[in-house]
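Chemist: Below is model_20.pdb; it holds PDB, C-alpha atoms.
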ATOM      1  CA  MET A   3       0.000   0.000   0.000
ATOM      2  CA  THR A   4       1.450   3.367  -1.008
ATOM      3  CA  ARG A   5       1.592   6.341   1.357
ATOM      4  CA  GLN A   6      -1.212   8.045  -0.561
ATOM      5  CA  GLN A   7      -3.416   4.960  -0.367
ATOM      6  CA  ARG A   8      -2.655   4.618   3.351
ATOM      7  CA  ALA A   9      -3.570   8.266   3.938
ATOM      8  CA  THR A  10      -6.813   7.777   2.028
ATOM      9  CA  TYR A  11      -7.568   4.656   4.037
ATOM     10  CA  VAL A  12      -6.968   6.458   7.358
ATOM     11  CA  ALA A  13      -9.159   9.354   6.235
ATOM     12  CA  PHE A  14     -11.937   6.919   5.318
ATOM     13  CA  ASN A  15     -11.684   5.284   8.729
ATOM     14  CA  GLY A  16     -11.910   8.625  10.503
ATOM     15  CA  MET A  17     -14.885   9.836   8.485
ATOM     16  CA  LEU A  18     -16.685   6.532   8.905
ATOM     17  CA  ALA A  19     -16.167   6.572  12.667
ATOM     18  CA  LEU A  20     -17.430  10.154  12.898
ATOM     19  CA  MET A  21     -20.499   9.452  10.789
ATOM     20  CA  TRP A  22     -21.309   6.313  12.751
ATOM     21  CA  HIS A  23     -21.031   8.293  15.993
ATOM     22  CA  ASN A  24     -23.437  10.915  14.639
ATOM     23  CA  CYS A  25     -25.813   8.183  13.556
ATOM     24  CA  ASN A  26     -25.852   6.768  17.076
ATOM     25  CA  GLY A  27     -26.552  10.269  18.336
ATOM     26  CA  ASN A  28     -29.662  10.394  16.171
ATOM     27  CA  ARG A  29     -30.745   7.027  17.491
ATOM     28  CA  SER A  30     -30.342   8.308  21.040
ATOM     29  CA  PHE A  31     -32.483  11.295  20.099
ATOM     30  CA  ILE A  32     -35.239   8.970  18.915
ATOM     31  CA  SER A  33     -35.221   7.014  22.165
ATOM     32  CA  ILE A  34     -36.152  10.159  24.121
ATOM     33  CA  ASN A  35     -39.878  10.388  24.746
ATOM     34  CA  ILE A  36     -40.528  13.935  23.569
ATOM     35  CA  LEU A  37     -43.942  13.958  25.202
ATOM     36  CA  GLU A  38     -42.292  13.944  28.630
ATOM     37  CA  LYS A  39     -40.602  17.230  27.771
ATOM     38  CA  PHE A  40     -43.477  18.785  25.853
ATOM     39  CA  ASN A  41     -44.900  21.982  27.354
ATOM     40  CA  PRO A  42     -44.122  21.196  31.015
ATOM     41  CA  GLY A  43     -44.549  24.875  31.864
ATOM     42  CA  ALA A  44     -48.075  24.930  30.438
ATOM     43  CA  ARG A  45     -49.026  21.785  32.346
ATOM     44  CA  GLN A  46     -47.690  23.297  35.559
ATOM     45  CA  LEU A  47     -49.619  26.502  34.869
ATOM     46  CA  ILE A  48     -52.864  24.576  34.351
ATOM     47  CA  SER A  49     -52.358  22.576  37.528
ATOM     48  CA  SER A  50     -51.523  25.687  39.552
ATOM     49  CA  GLY A  51     -54.420  27.563  37.954
ATOM     50  CA  LYS A  52     -56.903  24.881  38.990
ATOM     51  CA  GLY A  53     -55.575  24.977  42.532
ATOM     52  CA  TYR A  54     -55.816  28.756  42.529
ATOM     53  CA  LEU A  55     -59.363  28.589  41.146
ATOM     54  CA  LYS A  56     -60.370  26.156  43.882
ATOM     55  CA  ALA A  57     -58.920  28.472  46.524
ATOM     56  CA  LEU A  58     -60.776  31.451  45.032
ATOM     57  CA  HIS A  59     -64.036  29.504  45.091
ATOM     58  CA  GLY A  60     -63.407  28.760  48.757
ATOM     59  CA  ALA A  61     -62.739  32.433  49.454
ATOM     60  CA  ALA A  62     -65.889  33.446  47.553
ATOM     61  CA  SER A  63     -67.948  30.969  49.563
ATOM     62  CA  ALA A  64     -66.545  32.295  52.847
ATOM     63  CA  SER A  65     -67.202  35.860  51.689
ATOM     64  CA  ARG A  66     -70.809  34.989  50.865
ATOM     65  CA  LEU A  67     -71.365  33.449  54.312
ATOM     66  CA  PHE A  68     -69.820  36.510  55.926
ATOM     67  CA  ASN A  69     -72.089  38.826  53.947
ATOM     68  CA  GLU A  70     -75.176  36.806  54.873
ATOM     69  CA  ALA A  71     -74.248  37.025  58.549
ATOM     70  CA  LEU A  72     -73.640  40.758  58.176
ATOM     71  CA  ALA A  73     -77.058  41.199  56.523
ATOM     72  CA  LYS A  74     -78.762  39.435  59.439
ATOM     73  CA  LEU A  75     -76.911  41.664  61.877
ATOM     74  CA  ALA A  76     -78.014  44.745  59.923
ATOM     75  CA  MET A  77     -81.648  43.621  59.960
ATOM     76  CA  ASN A  78     -81.507  42.965  63.707
ATOM     77  CA  ALA A  79     -80.004  46.399  64.245
ATOM     78  CA  GLN A  80     -82.793  48.032  62.262
ATOM     79  CA  GLN A  81     -85.451  46.128  64.217
ATOM     80  CA  SER A  82     -83.922  46.869  67.614
ATOM     81  CA  GLY A  83     -84.096  50.626  67.322
ATOM     82  CA  THR A  84     -80.577  51.308  66.043
ATOM     83  CA  SER A  85     -81.705  52.045  62.514
ATOM     84  CA  ASP A  86     -78.694  54.220  61.695
ATOM     85  CA  ILE A  87     -76.292  51.387  62.416
ATOM     86  CA  GLY A  88     -78.566  48.960  60.592
ATOM     87  CA  ALA A  89     -78.708  51.200  57.519
ATOM     88  CA  ALA A  90     -74.935  51.617  57.508
ATOM     89  CA  LEU A  91     -74.459  47.861  57.758
ATOM     90  CA  MET A  92     -76.924  47.291  54.906
ATOM     91  CA  ASN A  93     -74.858  49.658  52.768
ATOM     92  CA  VAL A  94     -71.810  47.537  53.565
ATOM     93  CA  VAL A  95     -73.800  44.420  52.632
ATOM     94  CA  SER A  96     -74.754  46.014  49.313
ATOM     95  CA  VAL A  97     -71.130  46.868  48.520
ATOM     96  CA  TYR A  98     -70.044  43.343  49.447
ATOM     97  CA  LYS A  99     -72.641  41.882  47.086
ATOM     98  CA  GLU A 100     -71.245  43.935  44.231
ATOM     99  CA  ILE A 101     -67.739  42.765  45.111
ATOM    100  CA  GLN A 102     -68.935  39.149  45.175
ATOM    101  CA  GLU A 103     -70.533  39.503  41.753
ATOM    102  CA  GLN A 104     -67.309  40.940  40.373
ATOM    103  CA  GLN A 105     -65.350  38.096  41.956
ATOM    104  CA  MET A 106     -67.610  35.499  40.341
ATOM    105  CA  ASN A 107     -67.264  37.190  36.949
ATOM    106  CA  ILE A 108     -63.487  37.148  37.355
ATOM    107  CA  LEU A 109     -63.565  33.464  38.332
ATOM    108  CA  LYS A 110     -65.683  32.604  35.294
ATOM    109  CA  ALA A 111     -63.391  34.569  32.983
ATOM    110  CA  PHE A 112     -60.310  32.982  34.550
ATOM    111  CA  TYR A 113     -61.709  29.518  33.918
ATOM    112  CA  VAL A 114     -63.447  30.014  30.566
ATOM    113  CA  ASP A 115     -60.984  32.408  28.917
ATOM    114  CA  LEU A 116     -57.699  31.079  30.280
ATOM    115  CA  LEU A 117     -57.684  27.588  31.761
ATOM    116  CA  VAL A 118     -60.075  25.875  29.336
ATOM    117  CA  PRO A 119     -58.426  27.173  26.111
ATOM    118  CA  LEU A 120     -54.965  26.495  27.503
ATOM    119  CA  GLU A 121     -55.824  22.924  28.452
ATOM    120  CA  THR A 122     -57.635  22.326  25.147
ATOM    121  CA  ASN A 123     -54.708  23.608  23.095
ATOM    122  CA  LEU A 124     -52.251  21.597  25.146
ATOM    123  CA  GLU A 125     -54.193  18.385  24.534
ATOM    124  CA  LYS A 126     -54.398  19.224  20.844
ATOM    125  CA  ASP A 127     -50.653  19.853  20.694
ATOM    126  CA  THR A 128     -49.977  16.599  22.543
ATOM    127  CA  LYS A 129     -51.978  14.666  19.943
ATOM    128  CA  VAL A 130     -50.025  16.410  17.189
ATOM    129  CA  VAL A 131     -46.750  15.432  18.844
ATOM    130  CA  GLN A 132     -47.899  11.827  19.264
ATOM    131  CA  HIS A 133     -48.884  11.653  15.604
ATOM    132  CA  GLU A 134     -45.655  13.256  14.413
ATOM    133  CA  GLN A 135     -43.604  11.037  16.704
ATOM    134  CA  LYS A 136     -45.221   7.879  15.331
ATOM    135  CA  LYS A 137     -44.739   9.046  11.749
ATOM    136  CA  PHE A 138     -41.177  10.104  12.517
ATOM    137  CA  LEU A 139     -40.237   6.719  13.985
ATOM    138  CA  GLN A 140     -41.724   4.838  11.037
ATOM    139  CA  GLN A 141     -40.009   6.965   8.413
ATOM    140  CA  HIS A 142     -36.787   7.191  10.383
ATOM    141  CA  LYS A 143     -36.587   3.407  10.507
ATOM    142  CA  VAL A 144     -36.628   3.248   6.703
ATOM    143  CA  ARG A 145     -33.958   5.931   6.367
ATOM    144  CA  MET A 146     -31.852   4.410   9.116
ATOM    145  CA  GLU A 147     -31.917   1.037   7.368
ATOM    146  CA  SER A 148     -30.630   2.672   4.181
ATOM    147  CA  TYR A 149     -27.919   4.423   6.157
ATOM    148  CA  GLN A 150     -26.883   1.264   7.999
ATOM    149  CA  LYS A 151     -26.773  -0.608   4.710
ATOM    150  CA  ALA A 152     -24.370   2.025   3.375
ATOM    151  CA  VAL A 153     -22.275   1.706   6.554
ATOM    152  CA  SER A 154     -22.165  -2.077   6.205
ATOM    153  CA  THR A 155     -21.156  -1.823   2.550
ATOM    154  CA  MET A 156     -18.435   0.640   3.478
ATOM    155  CA  LYS A 157     -17.080  -1.656   6.191
ATOM    156  CA  LYS A 158     -16.952  -4.602   3.792
ATOM    157  CA  GLN A 159     -15.197  -2.483   1.201
ATOM    158  CA  ARG A 160     -12.547  -1.403   3.716
ATOM    159  CA  LYS A 161     -11.631  -5.028   4.386
ATOM    160  CA  LYS A 162     -10.772  -5.651   0.756
ATOM    161  CA  LYS A 163      -7.211  -5.529  -0.438
ATOM    162  CA  ALA A 164      -6.073  -2.068  -1.434
ATOM    163  CA  SER A 165      -6.026  -1.467  -5.164
ATOM    164  CA  PRO A 166      -6.902   1.388  -7.500
ATOM    165  CA  GLU A 167     -10.185  -0.327  -8.344
ATOM    166  CA  ASN A 168     -11.077  -0.914  -4.679
ATOM    167  CA  THR A 169     -10.089   2.641  -3.795
ATOM    168  CA  GLU A 170     -12.461   3.935  -6.449
ATOM    169  CA  LYS A 171     -15.252   1.719  -5.126
ATOM    170  CA  GLU A 172     -14.497   2.896  -1.619
ATOM    171  CA  LEU A 173     -14.814   6.500  -2.725
ATOM    172  CA  ARG A 174     -18.171   5.757  -4.352
ATOM    173  CA  ASN A 175     -19.388   3.957  -1.239
ATOM    174  CA  LEU A 176     -18.212   6.831   0.915
ATOM    175  CA  GLN A 177     -20.183   9.246  -1.253
ATOM    176  CA  ILE A 178     -23.272   7.048  -0.899
ATOM    177  CA  LEU A 179     -22.721   6.962   2.859
ATOM    178  CA  GLU A 180     -22.444  10.743   3.024
ATOM    179  CA  ASP A 181     -25.593  11.133   0.915
ATOM    180  CA  GLN A 182     -27.556   8.798   3.189
ATOM    181  CA  LYS A 183     -26.310  10.698   6.248
ATOM    182  CA  LYS A 184     -27.395  14.018   4.741
ATOM    183  CA  LYS A 185     -30.831  12.590   3.956
ATOM    184  CA  LEU A 186     -31.144  11.293   7.515
ATOM    185  CA  ASP A 187     -30.122  14.631   9.033
ATOM    186  CA  ALA A 188     -32.419  16.571   6.695
ATOM    187  CA  PHE A 189     -35.298  14.284   7.607
ATOM    188  CA  CYS A 190     -34.723  14.780  11.353
ATOM    189  CA  GLU A 191     -34.549  18.550  10.926
ATOM    190  CA  GLN A 192     -37.698  18.680   8.795
ATOM    191  CA  SER A 193     -39.585  16.485  11.268
ATOM    192  CA  TYR A 194     -38.692  18.884  14.076
ATOM    193  CA  LYS A 195     -39.914  21.822  11.991
ATOM    194  CA  ASN A 196     -43.180  20.012  11.249
ATOM    195  CA  VAL A 197     -43.882  19.480  14.947
ATOM    196  CA  SER A 198     -43.005  23.090  15.775
ATOM    197  CA  LYS A 199     -45.226  24.416  12.966
ATOM    198  CA  ASN A 200     -48.214  22.239  13.873
ATOM    199  CA  CYS A 201     -48.004  23.155  17.551
ATOM    200  CA  VAL A 202     -48.084  26.912  17.009
TER     201      VAL A 202
END
Please go through the file and, once you have read it, give me the structure as structure tokens.
Modeler:
Amino acid sequence: MTRQQRATYVAFNGMLALMWHNCNGNRSFISINILEKFNPGARQLISSGKGYLKALHGAASASRLFNEALAKLAMNAQQSGTSDIGAALMNVVSVYKEIQEQQMNILKAFYVDLLVPLETNLEKDTKVVQHEQKKFLQQHKVRMESYQKAVSTMKKQRKKKASPENTEKELRNLQILEDQKKKLDAFCEQSYKNVSKNCV
């Protein structure tokens, strides 16, 4: 083997090792369940929002009971000859009722306009991710098989005795390997873009 052939052979080995490492990196990427990392902040917000809503309902209920007790006290005051105090308390009761109505409107808006749409969109996005993940894995398998076939062919070619003819074949196989790697990378990138676009 001449020095030039040896240098070419070493270069092939290095490129093949690098490409195989990158391929394994893609396979590791596939093994990650993307749903576990999908919109965790939104899920936390929904969970916290529901807890907050429950607490607000509790506060509204306590406020209503307080106002009812205050109204009874005002009526008793009016009937016992302290009409001024009773009238003042009834004014307070009236203001509290308005506050309660505003609170209930805020609670309804918080639930209907924020939590429900957020949860609905999150479920929709999750279904999109599940669909894209399934499609990605199916199509990736086909492309990975083509890539692995090119890797296997390249490995077999490297074991052959060095000759001008074998060197030429090795160059062709290396080109095929590079093309398959580019297709695999392009597919992964496009799949990511598809998920991002569909989840907007």
Chemist: Selection in question (the file shown): the PyMOL selection byres ((chain A and resi 51) around 12). Which residues does it include, as a list in words?
Modeler: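 Applied to this file, the PyMOL selection byres ((chain A and resi 51) around 12) returns Gly43, Ala44, Arg45, Gln46, Leu47, Ile48, Ser49, Ser50, Lys52, Gly53, Tyr54, Leu55, Lys56, Ala57, Leu58, Leu109, Phe112, Tyr113, Val114, Leu116, Leu117, Val118, Leu120 and Glu121 of chain A.
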Chemist: Could you spell out the hits of the PyMOL selection byres ((chain A and resi 68-76) around 12) on the shown file, as a PyMOL selection string?
Modeler: chain A and resi 61-67+77-102
Chemist: Taking into account all atoms listed in the file, which residue in the set A:Gln182, A:Thr155, A:Gly60, A:Arg174 is nearest to A:Gln105?
Modeler: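 The shortest atom-to-atom distance to A:Gln105 comes from A:Gly60.
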Chemist: Quote the spacing between atom CA of A:Ala188 and atom CA of A:Val130 in Å to one decimal place.
Modeler: 20.5 Å
Chemist: Please evaluate the PyMOL selection byres ((chain A and resi 176) around 9) against the structure above and give the resulting residues as a PyMOL selection string.
Modeler: chain A and resi 14+17-18+152-153+156+171-175+177-181
Chemist: Do you know which residues are at most 8 Å from A:Cys190 counting only C-alpha atoms, after dropping those on the same chain fewer than 4 positions away, and could you put them as a PyMOL selection string?
Modeler: chain A and resi 142+186+194
Chemist: Measure the distance from atom CA of A:Gln192 to atom CA of A:Glu125 in Å and round it to one decimal.
Modeler: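 Those two atoms sit 22.8 Å apart.
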Chemist: May I have the centre and edge lengths, in Å to one decimal, of an axis-aligned box around the listed atoms of stretch 133-140 of chain A with 3 Å added to every side, as AutoDock Vina command-line options?
Modeler:
--center_x -44.6 --center_y 9.0 --center_z 13.9 --size_x 14.6 --size_y 14.4 --size_z 11.7
Chemist: Can you put N, CA and C atoms back into stretch 165-193 of chain A and show it as a compact mmCIF listing (two decimals), keeping the file's coordinate frame?
Modeler:
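Result file is selection.txt:
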# COMPACT_ATOMS: atom_id res chain seq x y z
N SER A 165 -6.36 -1.50 -3.74
CA SER A 165 -6.03 -1.47 -5.16
C SER A 165 -6.72 -0.24 -5.75
N PRO A 166 -6.25 0.22 -6.90
CA PRO A 166 -6.90 1.39 -7.50
C PRO A 166 -8.40 1.18 -7.70
N GLU A 167 -8.77 -0.04 -8.11
CA GLU A 167 -10.18 -0.33 -8.34
C GLU A 167 -10.97 -0.29 -7.03
N ASN A 168 -10.40 -0.91 -5.98
CA ASN A 168 -11.08 -0.91 -4.68
C ASN A 168 -11.14 0.48 -4.07
N THR A 169 -10.08 1.26 -4.30
CA THR A 169 -10.09 2.64 -3.80
C THR A 169 -11.20 3.45 -4.45
N GLU A 170 -11.39 3.23 -5.73
CA GLU A 170 -12.46 3.94 -6.45
C GLU A 170 -13.84 3.51 -5.92
N LYS A 171 -13.99 2.20 -5.69
CA LYS A 171 -15.25 1.72 -5.13
C LYS A 171 -15.49 2.29 -3.73
N GLU A 172 -14.38 2.37 -2.98
CA GLU A 172 -14.50 2.90 -1.62
C GLU A 172 -14.93 4.36 -1.64
N LEU A 173 -14.41 5.10 -2.59
CA LEU A 173 -14.81 6.50 -2.72
C LEU A 173 -16.30 6.61 -3.08
N ARG A 174 -16.75 5.74 -3.98
CA ARG A 174 -18.17 5.76 -4.35
C ARG A 174 -19.04 5.40 -3.15
N ASN A 175 -18.62 4.37 -2.41
CA ASN A 175 -19.39 3.96 -1.24
C ASN A 175 -19.40 5.04 -0.17
N LEU A 176 -18.27 5.74 -0.05
CA LEU A 176 -18.21 6.83 0.92
C LEU A 176 -19.18 7.95 0.52
N GLN A 177 -19.26 8.22 -0.77
CA GLN A 177 -20.18 9.25 -1.25
C GLN A 177 -21.63 8.84 -0.97
N ILE A 178 -21.92 7.56 -1.20
CA ILE A 178 -23.27 7.05 -0.90
C ILE A 178 -23.57 7.19 0.59
N LEU A 179 -22.56 6.86 1.41
CA LEU A 179 -22.72 6.96 2.86
C LEU A 179 -22.99 8.41 3.28
N GLU A 180 -22.24 9.33 2.71
CA GLU A 180 -22.44 10.74 3.02
C GLU A 180 -23.83 11.21 2.59
N ASP A 181 -24.26 10.75 1.41
CA ASP A 181 -25.59 11.13 0.92
C ASP A 181 -26.69 10.62 1.84
N GLN A 182 -26.56 9.37 2.29
CA GLN A 182 -27.56 8.80 3.19
C GLN A 182 -27.58 9.54 4.52
N LYS A 183 -26.39 9.95 4.99
CA LYS A 183 -26.31 10.70 6.25
C LYS A 183 -26.98 12.06 6.11
N LYS A 184 -26.76 12.72 4.98
CA LYS A 184 -27.40 14.02 4.74
C LYS A 184 -28.91 13.88 4.69
N LYS A 185 -29.39 12.82 4.04
CA LYS A 185 -30.83 12.59 3.96
C LYS A 185 -31.41 12.35 5.35
N LEU A 186 -30.69 11.59 6.16
CA LEU A 186 -31.14 11.29 7.52
C LEU A 186 -31.20 12.56 8.36
N ASP A 187 -30.15 13.38 8.27
CA ASP A 187 -30.12 14.63 9.03
C ASP A 187 -31.21 15.59 8.57
N ALA A 188 -31.39 15.68 7.25
CA ALA A 188 -32.42 16.57 6.70
C ALA A 188 -33.81 16.12 7.14
N PHE A 189 -34.01 14.82 7.17
CA PHE A 189 -35.30 14.28 7.61
C PHE A 189 -35.57 14.63 9.07
N CYS A 190 -34.56 14.46 9.93
CA CYS A 190 -34.72 14.78 11.35
C CYS A 190 -35.04 16.26 11.54
N GLU A 191 -34.33 17.11 10.81
CA GLU A 191 -34.55 18.55 10.93
C GLU A 191 -35.94 18.94 10.45
N GLN A 192 -36.38 18.36 9.34
CA GLN A 192 -37.70 18.68 8.80
C GLN A 192 -38.80 18.19 9.72
N SER A 193 -38.59 17.02 10.33
CA SER A 193 -39.58 16.48 11.27
C SER A 193 -39.75 17.41 12.46
